[in-house]
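Reading through the structure tokens given below for one structure.
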Amino acid sequence: MTKAIWAAIVVMLASAAVAFAAPSPARAGSAGNEQVLLKLINAARAQHGLGRLVLQPSLAGAARAHSRDMLQQGYFAHSPASGVSYSSRLAGAGYRRSGFGSWAVSEVIGWGKATRGTPHAVLRAWLASPWHRPIVLGARWRDVGVGCVRGTYQGRTGVLLYTVDLGRRTR
């Protein structure tokens with residue numbers, strides 16, 4: 001590679017590092033992390049002979065909103081203190097049952113900081129879990145929404161919270 005190309009790569013990496021190192025306290029985090037996580041999930045599914053998940057805007061909005069709510073309210077659960085179930089939350093966000101003969105949803109959540117908060121680390125943890133692996137690698141799922149937010153969570157700065165909402169509707 002020429003010196004000019006190396007210089008351009010160094011400038012791009014330095015710019016990315018500065019942008020990544022100075023997040024606002026509760027910004028919606030990372031469309032980049034959401035995209036990476038979806039690609040990793042679909043790659044894991046392909047390795048197991050499963051179909052790829054298709055991003056659905058209603059599920060994506062619900063996943064992002066849930067991650068943001070967990071961050072802002074300081075909890076880590078599928079249901080907030082109000083007790084609304086994730087299935088009701090997803091239906092309320094537009095992933096509805098009406099008009100479909102069958103409807104099913106599920107959800108996985110995760111969080112981490114630094115190397116434990118990367119999309120790779122979060123997916124690795126889910127795949128190592130006997131409860132989460134069957135959800136992520138569930139053959140029934142066709143639709144997905146991925147939400148990631150970054151901020152201060154329970155006194156820890158720079159935390160990433162992830163929600164992945166999965167669904168299937170058939171006529």
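So you can find residues: chains in the structure tokens are A, B, ... in the order shown, residues in each start at 1, and ligands are numbered from 1 in order.
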*Spatial neighbours of Ser87 of chain A, max dist 8 Å, only C-alpha atoms, sep filter under 2 positions, as a list of chain:residue names*: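 That gives A:Ser85, A:Arg89, A:Leu90, A:Ala91, A:Val105, A:Ser106.
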Would you put the residues from that selection into a file with N, CA, C and O atoms, as a CSV table (one decimal), in the first residue's frame?
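Once everything was written out, this is selection-v6.csv:
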```csv
chain,number,residue,atom,x,y,z
A,85,SER,N,-46.3,-6.8,29.0
A,85,SER,CA,-45.5,-7.9,28.5
A,85,SER,C,-44.8,-7.5,27.2
A,85,SER,O,-45.3,-6.6,26.5
A,89,ARG,N,-46.2,-5.2,24.1
A,89,ARG,CA,-45.4,-4.1,23.7
A,89,ARG,C,-45.1,-4.1,22.2
A,89,ARG,O,-45.2,-3.1,21.4
A,90,LEU,N,-44.8,-5.3,21.6
A,90,LEU,CA,-44.5,-5.5,20.2
A,90,LEU,C,-45.8,-5.3,19.4
A,90,LEU,O,-45.8,-4.6,18.3
A,91,ALA,N,-46.9,-5.8,19.9
A,91,ALA,CA,-48.2,-5.6,19.2
A,91,ALA,C,-48.5,-4.1,19.1
A,91,ALA,O,-49.0,-3.5,18.1
A,105,VAL,N,-44.0,-14.2,18.9
A,105,VAL,CA,-42.9,-13.3,19.1
A,105,VAL,C,-42.0,-13.8,20.3
A,105,VAL,O,-42.5,-14.6,21.1
A,106,SER,N,-40.8,-13.3,20.3
A,106,SER,CA,-39.9,-13.6,21.4
A,106,SER,C,-38.9,-12.5,21.5
A,106,SER,O,-38.8,-11.6,20.6
```
*Write out as a VMD selection string each polymer residue whose atoms come within 12 Å of Ala46 of chain A, counting only C-alpha atoms; drop sequence neighbours fewer than 4 positions from it.*
chain A and resid 39 to 42 50 to 53 136 to 139
Once you have the residues from the selection above, write them out as a PDB file, in the first residue's frame, restricted to C-alpha atoms.
```pdb
ATOM      1  CA  LYS A  39     -25.443  -9.558  10.316  1.00  0.00           C
ATOM      2  CA  LEU A  40     -23.854 -11.714  13.020  1.00  0.00           C
ATOM      3  CA  ILE A  41     -27.193 -13.271  13.978  1.00  0.00           C
ATOM      4  CA  ASN A  42     -27.951 -14.079  10.345  1.00  0.00           C
ATOM      5  CA  LEU A  50     -31.587 -21.573   9.161  1.00  0.00           C
ATOM      6  CA  GLY A  51     -33.178 -18.824   7.100  1.00  0.00           C
ATOM      7  CA  ARG A  52     -32.077 -15.253   7.495  1.00  0.00           C
ATOM      8  CA  LEU A  53     -34.172 -12.843   9.505  1.00  0.00           C
ATOM      9  CA  VAL A 136     -31.699 -16.666  18.479  1.00  0.00           C
ATOM     10  CA  LEU A 137     -31.456 -19.885  16.468  1.00  0.00           C
ATOM     11  CA  GLY A 138     -35.176 -20.606  16.432  1.00  0.00           C
ATOM     12  CA  ALA A 139     -36.286 -21.983  13.067  1.00  0.00           C
TER      13      ALA A 139
END
```
*asked:* Calculated over only C-alpha atoms, which of the candidates A:Ser88, A:Gln47, A:Ser82, A:Ser67 has the smallest distance to Arg150 of chain A?
replied: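 Checking each of A:Ser88, A:Gln47, A:Ser82, A:Ser67 against Arg150 of chain A, counting only C-alpha atoms, the winner is A:Ser67.
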*asked:* Using DSSP assignments from the backbone, pull out every residue in chain A that falls under strand (DSSP E) and give it to me as a ChimeraX atom specification.
replied: /A:54-55,102-113,143-153,156-170
*From a DSSP calculation on the backbone, collect every residue of chain A in alpha helix (DSSP H) and output the set as a count of residues only.*
74
*Do a neighbour search on segment 162-168 of chain A at 8 Å with only C-alpha atoms, toss out local chain neighbours closer than 2 positions, and write the hits as JSON, numbers by chain.*
{"A": [59, 60, 62, 63, 64, 66, 67, 102, 103, 104, 105, 106, 107, 108, 109, 110, 111, 140, 141, 142, 143, 144, 145, 146, 147, 148, 149, 160, 170]}
Return as a Markdown table the residues of segment 12-111 of chain A lying at most 7 Å from segment 115-121 of chain A, together with the closest atom-to-atom pair for each and the distance in Å to one decimal, counting only C-alpha atoms, with rows in chain order and ascending residue number.
```
| residue | atom | partner | partner_atom | distance |
| --- | --- | --- | --- | --- |
| A:Asn33 | CA | A:Pro119 | CA | 6.2 |
| A:Val36 | CA | A:Pro119 | CA | 6.5 |
| A:Leu37 | CA | A:Pro119 | CA | 5.0 |
| A:Trp111 | CA | A:Gly117 | CA | 6.0 |
```
